[in-house]
$ cat start-v4.cif   # mmCIF, C-alpha atoms and all ligand atoms
data_final
loop_
_atom_site.label_atom_id
_atom_site.label_comp_id
_atom_site.auth_asym_id
_atom_site.auth_seq_id
_atom_site.Cartn_x
_atom_site.Cartn_y
_atom_site.Cartn_z
CA MET A 1 0.00 0.00 0.00
CA ALA A 2 1.43 3.38 -0.91
CA ASP A 3 2.32 5.72 1.92
CA GLY A 4 -0.43 8.28 2.30
CA ALA A 5 -3.21 5.82 1.68
CA LYS A 6 -5.40 4.43 4.44
CA ILE A 7 -3.44 3.37 7.51
CA ASP A 8 -6.01 1.89 9.78
CA THR A 9 -9.40 2.60 11.18
CA ILE A 10 -7.93 4.14 14.34
CA PHE A 11 -6.60 7.05 12.35
CA ALA A 12 -9.66 9.08 11.89
CA SER A 13 -8.89 11.37 9.04
CA GLU A 14 -7.63 8.62 6.81
CA THR A 15 -10.56 6.30 6.93
CA GLY A 16 -13.89 7.98 7.12
CA SER A 17 -15.46 4.98 8.76
CA VAL A 18 -16.13 4.20 12.36
CA SER A 19 -18.94 2.45 14.11
CA GLY A 20 -20.98 3.92 16.91
CA SER A 21 -21.32 2.53 20.42
CA ALA A 22 -23.88 0.15 21.85
CA PRO A 23 -26.44 -0.82 21.18
CA VAL A 24 -24.79 -0.53 17.83
CA SER A 25 -26.27 -1.65 14.60
CA GLY A 26 -23.60 -2.85 12.24
CA VAL A 27 -21.17 -4.01 14.94
CA GLY A 28 -20.76 -7.72 14.39
CA SER A 29 -20.15 -10.48 16.87
CA TYR A 30 -16.75 -10.86 18.49
CA VAL A 31 -15.84 -13.63 16.06
CA ASP A 32 -16.95 -11.62 13.04
CA THR A 33 -15.00 -8.55 14.19
CA ARG A 34 -11.92 -10.64 14.93
CA SER A 35 -12.14 -12.20 11.49
CA ARG A 36 -12.24 -8.75 9.84
CA VAL A 37 -9.32 -7.63 11.99
CA GLU A 38 -7.32 -10.68 10.98
CA THR A 39 -7.99 -10.18 7.27
CA TYR A 40 -7.08 -6.53 7.52
CA PHE A 41 -3.83 -6.84 9.48
CA ASP A 42 -2.74 -10.11 7.94
CA LYS A 43 -3.37 -9.14 4.30
CA THR A 44 -4.45 -5.59 3.52
CA ALA A 45 -2.39 -3.55 5.97
CA THR A 46 0.58 -5.72 6.94
CA ARG A 47 3.22 -3.68 5.07
CA THR A 48 1.70 -0.42 6.28
CA TRP A 49 1.97 -1.51 9.88
CA GLU A 50 5.45 -2.84 9.36
CA ARG A 51 6.54 0.55 8.08
CA LEU A 52 4.61 2.65 10.59
CA THR A 53 6.21 0.75 13.46
CA SER A 54 9.73 1.11 12.06
CA ASP A 55 12.11 4.05 11.65
CA ALA A 56 11.44 4.26 7.91
CA PRO A 57 10.34 7.68 6.59
CA VAL A 58 6.58 8.15 6.40
CA SER A 59 4.24 10.93 5.30
CA LYS A 60 3.64 13.90 7.60
CA ILE A 61 0.22 12.55 8.48
CA ARG A 62 1.63 9.20 9.45
CA GLU A 63 4.43 10.86 11.36
CA THR A 64 1.78 12.37 13.68
CA VAL A 65 0.31 8.93 14.11
CA ARG A 66 3.71 7.50 14.92
CA GLN A 67 4.36 10.24 17.48
CA GLY A 68 0.93 9.77 19.02
CA ARG A 69 1.48 6.04 19.29
CA ASP A 70 4.87 6.61 20.95
CA GLN A 71 3.16 8.87 23.49
CA MET A 72 0.44 6.33 24.14
CA ARG A 73 2.96 3.52 24.61
CA ALA A 74 4.82 5.65 27.16
CA LEU A 75 1.57 6.53 28.95
CA MET A 76 0.57 2.88 29.22
CA LEU A 77 4.04 1.85 30.38
CA SER A 78 3.93 4.55 33.07
CA ARG A 79 1.25 2.44 34.82
CA LEU A 80 3.84 -0.27 35.45
CA PRO A 81 6.97 -0.19 37.61
CA ASN A 82 10.14 0.84 35.77
CA ASP A 83 11.83 -2.39 36.71
CA LEU A 84 9.69 -5.26 35.48
CA SER A 85 12.15 -7.99 36.43
CA GLY A 86 10.36 -11.28 36.92
CA MET A 87 6.90 -9.99 35.96
CA ARG A 88 4.83 -11.98 33.48
CA ILE A 89 3.06 -9.67 31.04
CA LEU A 90 0.67 -10.28 28.17
CA ASP A 91 0.93 -7.90 25.22
CA ALA A 92 -2.57 -8.54 23.88
CA GLY A 93 -2.78 -7.79 20.16
CA CYS A 94 0.95 -7.08 20.02
CA GLY A 95 1.14 -6.40 16.26
CA PRO A 96 4.77 -6.08 15.16
CA GLY A 97 5.90 -6.24 18.80
CA VAL A 98 7.09 -2.73 19.70
CA MET A 99 5.50 -2.79 23.18
CA THR A 100 6.60 -6.39 23.71
CA ALA A 101 10.25 -5.48 23.11
CA GLU A 102 10.00 -2.49 25.46
CA LEU A 103 8.51 -4.62 28.24
CA ALA A 104 11.16 -7.31 27.78
CA SER A 105 13.95 -4.74 27.82
CA ARG A 106 12.71 -3.73 31.29
CA GLY A 107 13.05 -7.30 32.50
CA ALA A 108 9.56 -8.74 32.03
CA TYR A 109 8.75 -12.15 30.63
CA VAL A 110 6.37 -11.26 27.85
CA THR A 111 3.84 -13.19 25.82
CA GLY A 112 3.03 -11.27 22.65
CA VAL A 113 -0.11 -12.60 20.98
CA ASP A 114 -1.76 -11.39 17.81
CA ILE A 115 -4.44 -12.75 15.52
CA SER A 116 -2.26 -11.89 12.49
CA PRO A 117 0.43 -14.54 11.80
CA GLN A 118 2.11 -12.08 9.40
CA LEU A 119 2.56 -9.44 12.10
CA ILE A 120 3.79 -12.10 14.53
CA GLY A 121 6.37 -13.09 11.92
CA ILE A 122 7.57 -9.48 11.69
CA ALA A 123 7.67 -9.22 15.50
CA LYS A 124 9.80 -12.37 15.74
CA ARG A 125 12.23 -11.20 13.06
CA ARG A 126 12.64 -7.81 14.73
CA LEU A 127 13.21 -8.95 18.28
CA ALA A 128 16.77 -8.29 19.45
CA PRO A 129 18.68 -11.53 20.16
CA GLU A 130 19.33 -10.53 23.78
CA LEU A 131 15.57 -10.30 24.45
CA GLN A 132 14.62 -13.61 22.90
CA GLY A 133 14.83 -15.56 26.17
CA HIS A 134 12.20 -13.21 27.63
CA VAL A 135 9.59 -13.32 24.87
CA SER A 136 7.14 -15.81 23.36
CA PHE A 137 5.30 -14.63 20.29
CA LEU A 138 2.12 -16.51 19.42
CA ALA A 139 -0.38 -16.17 16.59
CA GLY A 140 -3.90 -16.46 17.96
CA ASP A 141 -6.68 -14.92 19.98
CA MET A 142 -5.67 -12.66 22.84
CA LEU A 143 -8.47 -14.17 24.95
CA ALA A 144 -7.35 -17.79 24.54
CA GLU A 145 -7.37 -19.58 27.89
CA SER A 146 -4.23 -21.48 26.95
CA LEU A 147 -2.20 -18.26 27.29
CA GLY A 148 -2.36 -18.68 31.07
CA THR A 149 -2.17 -16.05 33.79
CA PHE A 150 -0.14 -12.85 34.05
CA ASP A 151 0.87 -10.06 36.42
CA ALA A 152 -0.35 -7.46 33.91
CA VAL A 153 -1.99 -7.24 30.50
CA LEU A 154 -1.42 -4.39 28.05
CA ALA A 155 -3.73 -4.04 25.04
CA MET A 156 -2.70 -1.02 22.99
CA ASP A 157 -5.24 -0.19 20.30
CA SER A 158 -6.23 -3.84 19.94
CA LEU A 159 -9.71 -3.62 21.50
CA ILE A 160 -10.69 -0.55 19.48
CA TYR A 161 -12.64 -2.56 16.91
CA TYR A 162 -14.94 -4.21 19.44
CA GLY A 163 -18.32 -3.07 20.67
CA PRO A 164 -19.06 -2.34 24.34
CA ARG A 165 -20.38 -5.81 25.11
CA ASP A 166 -17.29 -7.47 23.65
CA ILE A 167 -14.98 -5.10 25.53
CA ARG A 168 -16.75 -5.80 28.83
CA SER A 169 -16.57 -9.50 28.16
CA ALA A 170 -12.87 -9.27 27.19
CA LEU A 171 -12.17 -7.36 30.41
CA ASP A 172 -14.00 -9.99 32.46
CA THR A 173 -11.89 -12.68 30.79
CA LEU A 174 -8.63 -10.81 31.23
CA THR A 175 -9.21 -9.70 34.83
CA ALA A 176 -9.76 -13.34 35.76
CA ARG A 177 -6.23 -13.96 34.49
CA SER A 178 -4.39 -10.84 35.60
CA PRO A 179 -4.73 -8.28 38.44
CA GLN A 180 -3.98 -5.31 36.13
CA ILE A 181 -5.24 -4.54 32.63
CA VAL A 182 -4.19 -1.39 30.77
CA PHE A 183 -5.95 -0.91 27.44
CA THR A 184 -7.06 1.74 24.99
CA VAL A 185 -10.29 2.67 23.28
CA ALA A 186 -11.25 5.19 20.65
CA PRO A 187 -12.98 7.99 22.59
CA LYS A 188 -16.23 9.53 21.41
CA THR A 189 -15.02 12.82 19.99
CA PRO A 190 -17.02 15.12 17.71
CA LEU A 191 -14.74 14.13 14.81
CA LEU A 192 -15.07 10.39 15.35
CA MET A 193 -18.80 10.60 15.92
CA ALA A 194 -19.23 12.71 12.78
CA MET A 195 -17.39 9.99 10.91
CA TRP A 196 -19.59 7.38 12.49
CA TYR A 197 -22.68 9.11 11.14
CA ALA A 198 -21.02 9.44 7.75
CA GLY A 199 -20.15 5.75 7.87
CA LYS A 200 -23.78 4.87 8.55
CA ALA A 201 -24.80 6.85 5.51
CA PHE A 202 -22.15 5.19 3.36
CA PRO A 203 -21.69 1.67 4.72
CA ARG A 204 -18.42 -0.04 3.95
CA SER A 205 -18.47 -2.93 1.57
CA ASP A 206 -14.94 -4.23 2.12
CA ARG A 207 -13.69 -6.48 4.89
CA SER A 208 -11.89 -3.76 6.84
CA PRO A 209 -12.69 -3.63 10.55
CA THR A 210 -14.29 -0.46 11.82
CA MET A 211 -13.40 1.12 15.10
CA VAL A 212 -16.06 1.70 17.71
CA PRO A 213 -15.94 4.98 19.70
CA HIS A 214 -16.71 4.65 23.40
CA GLY A 215 -17.53 6.99 26.24
CA PRO A 216 -14.39 6.32 28.31
CA ALA A 217 -15.87 7.61 31.58
CA LYS A 218 -18.83 5.24 31.35
CA LEU A 219 -16.68 2.36 30.21
CA ALA A 220 -14.27 2.90 33.12
CA ARG A 221 -17.18 3.15 35.59
CA ASP A 222 -18.91 0.04 34.26
CA ALA A 223 -15.69 -1.96 34.33
CA GLY A 224 -14.67 -0.72 37.78
CA GLY A 225 -11.61 0.95 36.32
CA VAL A 226 -10.09 4.40 35.86
CA GLN A 227 -9.30 6.70 32.95
CA VAL A 228 -5.55 7.01 32.55
CA GLY A 229 -5.30 9.67 29.87
CA ARG A 230 -5.91 10.60 26.26
CA VAL A 231 -3.43 11.10 23.45
CA SER A 232 -4.59 13.32 20.63
CA LYS A 233 -1.73 13.95 18.26
CA GLY A 234 -2.51 14.96 14.73
CA PHE A 235 -4.45 12.07 13.29
CA TYR A 236 -4.07 9.76 16.26
CA ILE A 237 -6.76 9.80 18.96
CA SER A 238 -6.82 7.15 21.64
CA GLU A 239 -7.60 6.94 25.35
CA ALA A 240 -6.02 4.65 27.93
CA LEU A 241 -7.97 3.02 30.75
CA GLU A 242 -6.95 0.71 33.54
CA VAL A 243 -8.78 -1.99 35.44
CA ARG A 244 -7.31 -3.55 38.60
CA ARG A 245 -8.79 -6.27 40.71
C1 LIG B 301 -3.97 -1.19 15.81
S1 LIG B 301 -3.04 -2.66 15.92
C2 LIG B 301 -2.01 -2.35 17.33
C3 LIG B 301 -0.85 -3.31 17.45
C4 LIG B 301 0.04 -3.07 18.67
N1 LIG B 301 -0.68 -3.23 19.91
C5 LIG B 301 0.65 -1.70 18.60
O1 LIG B 301 0.19 -0.81 19.30
O2 LIG B 301 1.58 -1.51 17.78
C6 LIG B 301 -4.26 -3.77 16.59
C7 LIG B 301 -3.76 -5.19 16.70
O3 LIG B 301 -4.67 -5.96 17.48
C8 LIG B 301 -4.74 -7.25 16.93
N2 LIG B 301 -5.98 -7.89 17.41
C9 LIG B 301 -7.24 -7.38 17.36
N3 LIG B 301 -8.11 -8.26 17.89
C10 LIG B 301 -7.40 -9.32 18.31
C11 LIG B 301 -7.74 -10.53 18.99
N4 LIG B 301 -9.00 -10.81 19.30
N5 LIG B 301 -6.75 -11.38 19.30
C12 LIG B 301 -5.46 -11.10 18.97
N6 LIG B 301 -5.07 -9.97 18.33
C13 LIG B 301 -6.03 -9.09 18.00
C14 LIG B 301 -4.68 -6.99 15.44
O4 LIG B 301 -4.35 -8.12 14.70
C15 LIG B 301 -3.64 -5.89 15.37
O5 LIG B 301 -2.33 -6.36 15.19
#
$ encode --input "start-v4.cif" --output "structure tokens"
Amino acid sequence: MADGAKIDTIFASETGSVSGSAPVSGVGSYVDTRSRVETYFDKTATRTWERLTSDAPVSKIRETVRQGRDQMRALMLSRLPNDLSGMRILDAGCGPGVMTAELASRGAYVTGVDISPQLIGIAKRRLAPELQGHVSFLAGDMLAESLGTFDAVLAMDSLIYYGPRDIRSALDTLTARSPQIVFTVAPKTPLLMAMWYAGKAFPRSDRSPTMVPHGPAKLARDAGGVQVGRVSKGFYISEALEVRR
């Protein structure tokens, strides 16, 4: 995909399509959403994500997205101790593994799981040799029981495609396996909601996943969690939340 074309549904200005929040017509089941996500990241957008998460030059628009994502990663990491020695952490929806590598470099034992085997392949190839003893990369569902239990779960921009019911259910699943979950959602902003209405008027016909804006305050309240902070940098808008049990 040429630089400057659509990056991903999280990046508002480049897509023109988001879904509204619940009860939401047009938001499919968890399995249907996951299948769209897999097709998108494993086929359509693999090279785009590989480039965005590298040091390679990108367009000015994508540079804002890259900077915003760097800020969000730092914000999420600030919820954990600096020294993660001995901690077991799940990077849920790890993509090409940027967060995974950062966690491992701080001493954690990290499982990076992603539904896209292609992105997992990139993550494995990129991982520095000295971190390899600390990381397992797996292709599959972030909610799979076989992944086991953890001291913390980070899910950066990987739950953004799911409706409120699926997010609540994912949080129930993950909090049963870990005492701390830090994750992001797309917040309901005027821009994203305007795009949602536009998307309803012009429904998408392709297999791309659509992101679902949420009211972060309500989501945090319902899940018994807290709002951590929002990053709004150019074309990147995302909000971090945390649930502890
Ligand atoms: C926007 S990307 C973010 C990737 C990575 N967390 C980062 O910030 O660079 C979202 C990722 O979540 C993954 N994902 C979404 N739903 C998933 C699921 N149910 N199980 C595993 N991975 C999933 C996608 O395949 C994709 O790689």
$ closest_residue --input "start-v4.cif" --among "A:Arg106, A:Arg69, A:Arg51, A:Arg177" --to "ligand LIG 301 (chain B)" --atoms "all atoms listed in the file"
A:Arg69
$ residues_near_point --input "start-v4.cif" --point "(-4.0, -3.3, 36.0)" --cutoff "7 Å" --atoms "all atoms listed in the file" --output "number ranges by chain"
A: 152, 179-182, 242-244
$ closest_residue --input "start-v4.cif" --among "A:Ser116, A:Thr210, A:Ser232, A:Thr189" --to "ligand LIG 301 (chain B)" --atoms "only C-alpha atoms and all ligand atoms"
A:Ser116
$ residues_near_ligand --input "start-v4.cif" --ligand "ligand LIG 301 (chain B)" --cutoff "6 Å" --atoms "only C-alpha atoms and all ligand atoms" --output "ChimeraX atom specification"
/A:34,37-38,41,93-95,98,113-116,140-142,156-158
$ closest_residue --input "start-v4.cif" --among "A:Asp166, A:Glu50, A:Asp70, A:Glu145" --to "Arg126 (chain A)" --atoms "all atoms listed in the file"
A:Glu50
$ atom_distance --input "start-v4.cif" --atom1 "CA of Asp172 (chain A)" --atom2 "CA of Ala223 (chain A)"
8.4 Å
$ atom_distance --input "start-v4.cif" --atom1 "CA of Ile89 (chain A)" --atom2 "CA of Met211 (chain A)"
25.3 Å
$ atom_distance --input "start-v4.cif" --atom1 "CA of Ser169 (chain A)" --atom2 "CA of Ala101 (chain A)"
27.6 Å
$ residues_around --input "start-v4.cif" --residues "Ser85 (chain A)" --least-positions-apart "3" --cutoff "8 Å" --atoms "all atoms listed in the file" --output "mmCIF file with C-alpha atoms, in the coordinates of the input"
data_model
loop_
_atom_site.group_PDB
_atom_site.id
_atom_site.type_symbol
_atom_site.label_atom_id
_atom_site.label_comp_id
_atom_site.auth_asym_id
_atom_site.auth_seq_id
_atom_site.Cartn_x
_atom_site.Cartn_y
_atom_site.Cartn_z
ATOM 1 C CA ARG A 106 12.710 -3.730 31.290
ATOM 2 C CA GLY A 107 13.050 -7.300 32.500
ATOM 3 C CA ALA A 108 9.560 -8.740 32.030
ATOM 4 C CA TYR A 109 8.750 -12.150 30.630
#
$ closest_residue --input "start-v4.cif" --among "A:Thr53, A:Thr39, A:Thr46, A:Thr184" --to "Gly121 (chain A)" --atoms "all atoms listed in the file"
A:Thr46
$ closest_residue --input "start-v4.cif" --among "A:Thr64, A:Ser178, A:Ser59, A:Ser105" --to "Asn82 (chain A)" --atoms "only C-alpha atoms"
A:Ser105
$ closest_residue --input "start-v4.cif" --among "A:Ala74, A:Thr33, A:Val212, A:Leu159" --to "Met193 (chain A)" --atoms "all atoms listed in the file"
A:Val212
$ residues_around --input "start-v4.cif" --residues "Val231 (chain A)" --least-positions-apart "4" --cutoff "9 Å" --atoms "only C-alpha atoms" --output "PyMOL selection string"
chain A and resi 68-69+71-72+75+236-240
$ build_atoms --input "start-v4.cif" --residues "region 62-96 of chain A" --atoms "N, CA and C atoms" --output "PDB file, in the frame of the given file"
ATOM      1  N   ARG A  62       1.274  10.413   8.701  1.00  0.00           N
ATOM      2  CA  ARG A  62       1.630   9.200   9.450  1.00  0.00           C
ATOM      3  C   ARG A  62       2.660   9.478  10.533  1.00  0.00           C
ATOM      4  N   GLU A  63       3.454  10.508  10.318  1.00  0.00           N
ATOM      5  CA  GLU A  63       4.430  10.860  11.360  1.00  0.00           C
ATOM      6  C   GLU A  63       3.684  11.288  12.632  1.00  0.00           C
ATOM      7  N   THR A  64       2.552  11.992  12.475  1.00  0.00           N
ATOM      8  CA  THR A  64       1.780  12.370  13.680  1.00  0.00           C
ATOM      9  C   THR A  64       1.229  11.125  14.357  1.00  0.00           C
ATOM     10  N   VAL A  65       0.832  10.182  13.550  1.00  0.00           N
ATOM     11  CA  VAL A  65       0.310   8.930  14.110  1.00  0.00           C
ATOM     12  C   VAL A  65       1.414   8.190  14.869  1.00  0.00           C
ATOM     13  N   ARG A  66       2.574   8.172  14.270  1.00  0.00           N
ATOM     14  CA  ARG A  66       3.710   7.500  14.920  1.00  0.00           C
ATOM     15  C   ARG A  66       4.042   8.176  16.252  1.00  0.00           C
ATOM     16  N   GLN A  67       4.049   9.505  16.238  1.00  0.00           N
ATOM     17  CA  GLN A  67       4.360  10.240  17.480  1.00  0.00           C
ATOM     18  C   GLN A  67       3.276  10.000  18.533  1.00  0.00           C
ATOM     19  N   GLY A  68       2.028  10.020  18.080  1.00  0.00           N
ATOM     20  CA  GLY A  68       0.930   9.770  19.020  1.00  0.00           C
ATOM     21  C   GLY A  68       1.027   8.378  19.611  1.00  0.00           C
ATOM     22  N   ARG A  69       1.364   7.420  18.795  1.00  0.00           N
ATOM     23  CA  ARG A  69       1.480   6.040  19.290  1.00  0.00           C
ATOM     24  C   ARG A  69       2.653   5.922  20.267  1.00  0.00           C
ATOM     25  N   ASP A  70       3.737   6.633  19.995  1.00  0.00           N
ATOM     26  CA  ASP A  70       4.870   6.610  20.950  1.00  0.00           C
ATOM     27  C   ASP A  70       4.425   7.180  22.298  1.00  0.00           C
ATOM     28  N   GLN A  71       3.656   8.266  22.244  1.00  0.00           N
ATOM     29  CA  GLN A  71       3.160   8.870  23.490  1.00  0.00           C
ATOM     30  C   GLN A  71       2.245   7.906  24.234  1.00  0.00           C
ATOM     31  N   MET A  72       1.366   7.253  23.488  1.00  0.00           N
ATOM     32  CA  MET A  72       0.440   6.330  24.140  1.00  0.00           C
ATOM     33  C   MET A  72       1.187   5.147  24.762  1.00  0.00           C
ATOM     34  N   ARG A  73       2.178   4.643  24.057  1.00  0.00           N
ATOM     35  CA  ARG A  73       2.960   3.520  24.610  1.00  0.00           C
ATOM     36  C   ARG A  73       3.601   3.942  25.936  1.00  0.00           C
ATOM     37  N   ALA A  74       4.173   5.161  25.942  1.00  0.00           N
ATOM     38  CA  ALA A  74       4.820   5.650  27.160  1.00  0.00           C
ATOM     39  C   ALA A  74       3.799   5.833  28.284  1.00  0.00           C
ATOM     40  N   LEU A  75       2.616   6.336  27.936  1.00  0.00           N
ATOM     41  CA  LEU A  75       1.570   6.530  28.950  1.00  0.00           C
ATOM     42  C   LEU A  75       1.159   5.186  29.559  1.00  0.00           C
ATOM     43  N   MET A  76       0.972   4.200  28.715  1.00  0.00           N
ATOM     44  CA  MET A  76       0.570   2.880  29.220  1.00  0.00           C
ATOM     45  C   MET A  76       1.680   2.273  30.082  1.00  0.00           C
ATOM     46  N   LEU A  77       2.910   2.414  29.626  1.00  0.00           N
ATOM     47  CA  LEU A  77       4.040   1.850  30.380  1.00  0.00           C
ATOM     48  C   LEU A  77       4.209   2.541  31.731  1.00  0.00           C
ATOM     49  N   SER A  78       3.767   3.812  31.806  1.00  0.00           N
ATOM     50  CA  SER A  78       3.930   4.550  33.070  1.00  0.00           C
ATOM     51  C   SER A  78       3.041   3.960  34.171  1.00  0.00           C
ATOM     52  N   ARG A  79       2.103   3.099  33.820  1.00  0.00           N
ATOM     53  CA  ARG A  79       1.250   2.440  34.820  1.00  0.00           C
ATOM     54  C   ARG A  79       1.936   1.239  35.460  1.00  0.00           C
ATOM     55  N   LEU A  80       3.102   0.885  34.928  1.00  0.00           N
ATOM     56  CA  LEU A  80       3.840  -0.270  35.450  1.00  0.00           C
ATOM     57  C   LEU A  80       5.109   0.234  36.140  1.00  0.00           C
ATOM     58  N   PRO A  81       5.686  -0.593  37.036  1.00  0.00           N
ATOM     59  CA  PRO A  81       6.970  -0.190  37.610  1.00  0.00           C
ATOM     60  C   PRO A  81       8.029  -0.069  36.507  1.00  0.00           C
ATOM     61  N   ASN A  82       9.062   0.740  36.757  1.00  0.00           N
ATOM     62  CA  ASN A  82      10.140   0.840  35.770  1.00  0.00           C
ATOM     63  C   ASN A  82      10.869  -0.478  35.606  1.00  0.00           C
ATOM     64  N   ASP A  83      11.129  -1.102  36.744  1.00  0.00           N
ATOM     65  CA  ASP A  83      11.830  -2.390  36.710  1.00  0.00           C
ATOM     66  C   ASP A  83      10.787  -3.508  36.708  1.00  0.00           C
ATOM     67  N   LEU A  84      10.708  -4.214  35.612  1.00  0.00           N
ATOM     68  CA  LEU A  84       9.690  -5.260  35.480  1.00  0.00           C
ATOM     69  C   LEU A  84      10.288  -6.654  35.678  1.00  0.00           C
ATOM     70  N   SER A  85      11.452  -6.708  36.294  1.00  0.00           N
ATOM     71  CA  SER A  85      12.150  -7.990  36.430  1.00  0.00           C
ATOM     72  C   SER A  85      11.233  -9.036  37.063  1.00  0.00           C
ATOM     73  N   GLY A  86      11.120 -10.154  36.385  1.00  0.00           N
ATOM     74  CA  GLY A  86      10.360 -11.280  36.920  1.00  0.00           C
ATOM     75  C   GLY A  86       8.865 -11.211  36.673  1.00  0.00           C
ATOM     76  N   MET A  87       8.349 -10.081  36.209  1.00  0.00           N
ATOM     77  CA  MET A  87       6.900  -9.990  35.960  1.00  0.00           C
ATOM     78  C   MET A  87       6.537 -10.732  34.671  1.00  0.00           C
ATOM     79  N   ARG A  88       5.349 -11.314  34.696  1.00  0.00           N
ATOM     80  CA  ARG A  88       4.830 -11.980  33.480  1.00  0.00           C
ATOM     81  C   ARG A  88       3.760 -11.067  32.889  1.00  0.00           C
ATOM     82  N   ILE A  89       3.968 -10.660  31.647  1.00  0.00           N
ATOM     83  CA  ILE A  89       3.060  -9.670  31.040  1.00  0.00           C
ATOM     84  C   ILE A  89       2.554 -10.175  29.695  1.00  0.00           C
ATOM     85  N   LEU A  90       1.265  -9.964  29.469  1.00  0.00           N
ATOM     86  CA  LEU A  90       0.670 -10.280  28.170  1.00  0.00           C
ATOM     87  C   LEU A  90       0.547  -9.005  27.356  1.00  0.00           C
ATOM     88  N   ASP A  91       1.148  -8.991  26.172  1.00  0.00           N
ATOM     89  CA  ASP A  91       0.930  -7.900  25.220  1.00  0.00           C
ATOM     90  C   ASP A  91      -0.162  -8.409  24.267  1.00  0.00           C
ATOM     91  N   ALA A  92      -1.393  -7.987  24.551  1.00  0.00           N
ATOM     92  CA  ALA A  92      -2.570  -8.540  23.880  1.00  0.00           C
ATOM     93  C   ALA A  92      -2.854  -7.789  22.581  1.00  0.00           C
ATOM     94  N   GLY A  93      -2.689  -8.471  21.447  1.00  0.00           N
ATOM     95  CA  GLY A  93      -2.780  -7.790  20.160  1.00  0.00           C
ATOM     96  C   GLY A  93      -1.508  -7.013  19.930  1.00  0.00           C
ATOM     97  N   CYS A  94      -0.382  -7.726  19.979  1.00  0.00           N
ATOM     98  CA  CYS A  94       0.950  -7.080  20.020  1.00  0.00           C
ATOM     99  C   CYS A  94       1.383  -6.504  18.681  1.00  0.00           C
ATOM    100  N   GLY A  95       0.712  -6.894  17.572  1.00  0.00           N
ATOM    101  CA  GLY A  95       1.140  -6.400  16.260  1.00  0.00           C
ATOM    102  C   GLY A  95       2.598  -6.733  16.018  1.00  0.00           C
ATOM    103  N   PRO A  96       3.358  -5.790  15.458  1.00  0.00           N
ATOM    104  CA  PRO A  96       4.770  -6.080  15.160  1.00  0.00           C
ATOM    105  C   PRO A  96       5.692  -6.046  16.386  1.00  0.00           C
TER     106      PRO A  96
END
